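Here is start.cif, consisting of mmCIF, C-alpha atoms:
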```cif
data_start
#
loop_
_atom_site.label_atom_id
_atom_site.label_comp_id
_atom_site.auth_asym_id
_atom_site.auth_seq_id
_atom_site.Cartn_x
_atom_site.Cartn_y
_atom_site.Cartn_z
CA MET A 1 -8.87 -29.82 -13.10
CA PHE A 2 -5.92 -31.89 -14.25
CA GLN A 3 -3.15 -33.65 -12.34
CA SER A 4 -0.63 -33.80 -15.20
CA ILE A 5 -0.28 -31.19 -17.95
CA LEU A 6 2.28 -30.74 -20.71
CA VAL A 7 2.89 -27.12 -21.70
CA PRO A 8 4.99 -26.38 -24.81
CA VAL A 9 6.90 -23.12 -24.29
CA ASP A 10 8.78 -21.14 -26.91
CA GLY A 11 9.05 -17.72 -25.28
CA SER A 12 6.07 -16.29 -27.18
CA ALA A 13 3.22 -14.36 -25.60
CA HIS A 14 0.82 -17.16 -26.60
CA ALA A 15 2.96 -19.74 -24.77
CA GLU A 16 3.07 -17.53 -21.68
CA LYS A 17 -0.72 -17.23 -21.74
CA ALA A 18 -1.03 -21.02 -22.15
CA LEU A 19 1.21 -21.47 -19.12
CA GLU A 20 -1.05 -19.19 -17.06
CA VAL A 21 -4.11 -21.19 -18.13
CA ALA A 22 -2.37 -24.50 -17.38
CA ALA A 23 -1.52 -23.30 -13.87
CA GLN A 24 -5.18 -22.40 -13.34
CA LEU A 25 -6.35 -25.81 -14.60
CA ALA A 26 -3.92 -27.74 -12.41
CA THR A 27 -5.01 -29.38 -9.20
CA PRO A 28 -3.03 -28.42 -6.06
CA LEU A 29 -0.80 -31.52 -6.35
CA ALA A 30 -0.51 -31.38 -10.13
CA ARG A 31 2.63 -31.86 -12.12
CA LEU A 32 3.37 -29.49 -14.99
CA TYR A 33 5.78 -30.58 -17.67
CA LEU A 34 7.33 -27.71 -19.61
CA ILE A 35 8.67 -28.67 -23.04
CA ASN A 36 10.75 -26.73 -25.52
CA VAL A 37 11.30 -28.41 -28.89
CA GLN A 38 14.45 -27.78 -30.91
CA GLN A 39 14.96 -28.71 -34.56
CA PRO A 40 17.62 -31.37 -35.14
CA PRO A 41 20.98 -30.38 -36.66
CA ASN A 42 20.15 -31.70 -40.13
CA ASP A 43 17.20 -29.28 -40.26
CA ILE A 44 19.46 -26.45 -39.05
CA GLY A 45 21.83 -27.15 -41.94
CA LEU A 46 19.01 -26.61 -44.38
CA LEU A 47 18.18 -23.26 -42.80
CA VAL A 48 21.69 -21.79 -42.84
CA GLY A 49 22.07 -19.60 -45.89
CA GLY A 50 19.74 -21.74 -47.98
CA SER A 51 22.54 -22.23 -50.53
CA GLY A 52 22.44 -26.00 -50.48
CA ARG A 53 26.15 -26.11 -49.72
CA PRO A 54 27.21 -28.36 -46.86
CA VAL A 55 27.59 -26.69 -43.50
CA SER A 56 30.56 -27.67 -41.37
CA GLU A 57 30.05 -29.80 -38.29
CA GLU A 58 31.57 -26.98 -36.23
CA VAL A 59 28.90 -24.52 -37.43
CA ILE A 60 26.14 -27.04 -36.78
CA GLN A 61 27.41 -27.73 -33.25
CA LYS A 62 27.59 -24.00 -32.54
CA LEU A 63 23.98 -23.57 -33.71
CA VAL A 64 22.85 -26.55 -31.63
CA LYS A 65 24.55 -25.10 -28.53
CA GLU A 66 22.96 -21.69 -29.13
CA ARG A 67 19.53 -23.28 -29.48
CA GLU A 68 19.98 -25.35 -26.35
CA ASP A 69 21.03 -22.21 -24.46
CA ASP A 70 17.93 -20.40 -25.79
CA ALA A 71 15.74 -23.35 -24.78
CA ARG A 72 17.22 -23.33 -21.27
CA LYS A 73 16.49 -19.59 -20.90
CA ILE A 74 12.89 -20.06 -22.09
CA LEU A 75 12.34 -23.01 -19.75
CA ASP A 76 13.95 -21.23 -16.80
CA LYS A 77 11.65 -18.23 -17.28
CA ALA A 78 8.56 -20.45 -17.54
CA TYR A 79 9.68 -22.52 -14.54
CA ALA A 80 10.09 -19.40 -12.42
CA ALA A 81 6.59 -18.21 -13.38
CA VAL A 82 4.80 -21.40 -12.34
CA LYS A 83 7.01 -22.34 -9.42
CA LEU A 84 5.54 -19.34 -7.63
CA ASP A 85 2.19 -21.17 -7.72
CA GLY A 86 3.70 -24.05 -5.74
CA LEU A 87 3.19 -26.57 -8.53
CA GLN A 88 5.51 -29.50 -9.20
CA VAL A 89 7.34 -28.64 -12.42
CA GLU A 90 9.60 -30.66 -14.68
CA GLU A 91 11.41 -29.34 -17.75
CA VAL A 92 12.08 -31.14 -21.02
CA ILE A 93 14.18 -30.09 -23.99
CA SER A 94 13.19 -32.19 -26.98
CA LYS A 95 14.50 -32.38 -30.51
CA GLY A 96 12.47 -32.94 -33.66
CA ARG A 97 9.45 -31.54 -35.38
CA PRO A 98 7.42 -29.67 -32.78
CA ALA A 99 4.02 -31.34 -33.21
CA GLU A 100 5.43 -34.85 -33.30
CA ALA A 101 7.78 -34.20 -30.36
CA ILE A 102 4.98 -32.71 -28.25
CA VAL A 103 2.62 -35.63 -28.90
CA ALA A 104 5.37 -38.20 -28.28
CA GLU A 105 6.34 -36.56 -24.99
CA ALA A 106 2.68 -36.36 -23.90
CA GLU A 107 2.31 -40.09 -24.56
CA ALA A 108 5.59 -40.96 -22.82
CA LEU A 109 4.63 -38.93 -19.75
CA GLN A 110 1.00 -40.10 -19.90
CA VAL A 111 -0.29 -36.59 -19.25
CA GLU A 112 -3.98 -35.87 -18.99
CA ALA A 113 -3.79 -32.68 -21.05
CA ILE A 114 -1.66 -30.50 -23.28
CA VAL A 115 -2.19 -26.75 -22.92
CA MET A 116 -0.54 -24.72 -25.65
CA GLY A 117 -0.63 -21.42 -27.48
CA SER A 118 -2.60 -21.32 -30.69
CA ARG A 119 0.08 -19.40 -32.57
CA GLY A 120 3.78 -19.84 -33.08
CA MET A 121 4.39 -19.49 -36.78
CA SER A 122 3.40 -16.87 -39.29
CA ASP A 123 -0.20 -16.96 -40.48
CA LEU A 124 0.86 -17.65 -44.10
CA LYS A 125 3.17 -20.53 -43.18
CA GLY A 126 0.50 -21.90 -40.86
CA MET A 127 -2.05 -21.91 -43.68
CA VAL A 128 0.33 -23.66 -46.07
CA ILE A 129 1.76 -26.42 -43.82
CA GLY A 130 -0.62 -26.32 -40.87
CA SER A 131 -0.05 -25.05 -37.38
CA VAL A 132 1.63 -27.03 -34.63
CA SER A 133 -1.39 -26.63 -32.35
CA HIS A 134 -3.69 -27.94 -35.09
CA ARG A 135 -1.53 -31.03 -35.63
CA VAL A 136 -1.22 -31.68 -31.91
CA GLY A 137 -4.97 -31.33 -31.48
CA HIS A 138 -5.63 -33.92 -34.15
CA THR A 139 -2.99 -36.47 -33.16
CA ALA A 140 -2.71 -36.38 -29.36
CA HIS A 141 -4.43 -39.07 -27.32
CA CYS A 142 -5.26 -36.71 -24.48
CA THR A 143 -7.17 -33.47 -24.01
CA VAL A 144 -5.63 -30.58 -25.94
CA ILE A 145 -6.46 -27.00 -25.01
CA THR A 146 -5.27 -24.20 -27.27
CA VAL A 147 -5.06 -20.68 -25.90
CA ASN A 148 -5.25 -17.45 -27.90
#
```

Take the structure from the file and write it as structure tokens.
Amino acid sequence: MFQSILVPVDGSAHAEKALEVAAQLATPLARLYLINVQQPPNDIGLLVGGSGRPVSEEVIQKLVKEREDDARKILDKAYAAVKLDGLQVEEVISKGRPAEAIVAEAEALQVEAIVMGSRGMSDLKGMVIGSVSHRVGHTAHCTVITVN
């Protein structure tokens, strides 16, 4: 049983399952931290169209706003699911590369464990650049539990 757990949520079925497991592993007075990681605007610019042409600041700001709105919806849904269990829950929207942001937040919050889904990207991309859960598992300074 853990008193502080960080749970990355992205709206996927694997993240939902990880959240269920985290709630089961939490002590009655535990604090769950829900985190959703968003890519920074300079990464968004690279993704838009892939043409290499500069993207206007207006387009980037619109994409950032859309992503923040999506993050809020994902966090709100996860919050509602675990709040029913009577746990103390805090939400975090972070920006950056997911693995690095998750590990940094875990260290800043000094959580005892990270419980996360084992999937999140395509199998091919995961084989080529490595999965987020794999990177977190190898770099975090706390217990990391991955859930299928």

| request: Find, counting only C-alpha atoms, the residue in A:Leu34, A:Val147, A:Ala99, A:Val115 that gets nearest to His134 in chain A. | output: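 Among A:Leu34, A:Val147, A:Ala99, A:Val115, it is A:Ala99 that comes nearest to His134 in chain A.
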
message: Using all atoms listed in the file for the distances, tell me which of A:Lys73, A:Ser56, A:Val7, A:Asn148 is nearest to Ala113 in chain A.
response: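 Comparing A:Lys73, A:Ser56, A:Val7, A:Asn148 against Ala113 in chain A, the winner is A:Val7.
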
Open item on the list: I'd like the residues picked by the PyMOL selection byres ((chain A and resi 24-33) around 6) written out as a ChimeraX atom specification, using the chain letters and numbers from the file.
Closed with: /A:1-6,21-23,34,88-91

Target residues per the PyMOL selection byres ((chain A and resi 37) around 7), formatted as a list in words: Ile35, Asn36, Gln38, Gln39, Ile93, Ser94, Lys95, Gly96, Pro98 and Ala101 of chain A

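Proximity of A:Glu20, A:Ile114, A:Cys142, A:Gly137 to Ala78 in chain A, computed with only C-alpha atoms, is greatest for A:Glu20.
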
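CA of Ser133 in chain A is found 5.7 Å from CA of Ser118 in chain A.
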
Residues near Lys77 in chain A, anyone? I mean within 12 Å using all atoms listed in the file, not counting same-chain ones fewer than 5 positions away, as a PyMOL selection string. chain A and resi 9-12+15-16+19+34+36+70-72+82-84+91

Taken to one decimal, the CA of Ala18 in chain A-CA of Leu87 in chain A distance is 15.3 Å

Computed gap from CA of Ala108 in chain A to CA of Arg67 in chain A is 23.5 Å

(message) With distances taken over all atoms listed in the file, which residue among A:Ala140, A:Ile60, A:Ala13, A:Ala80 lies nearest Glu112 in chain A?
(response)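 Going through A:Ala140, A:Ile60, A:Ala13, A:Ala80 one by one, the smallest distance to Glu112 in chain A is for A:Ala140.
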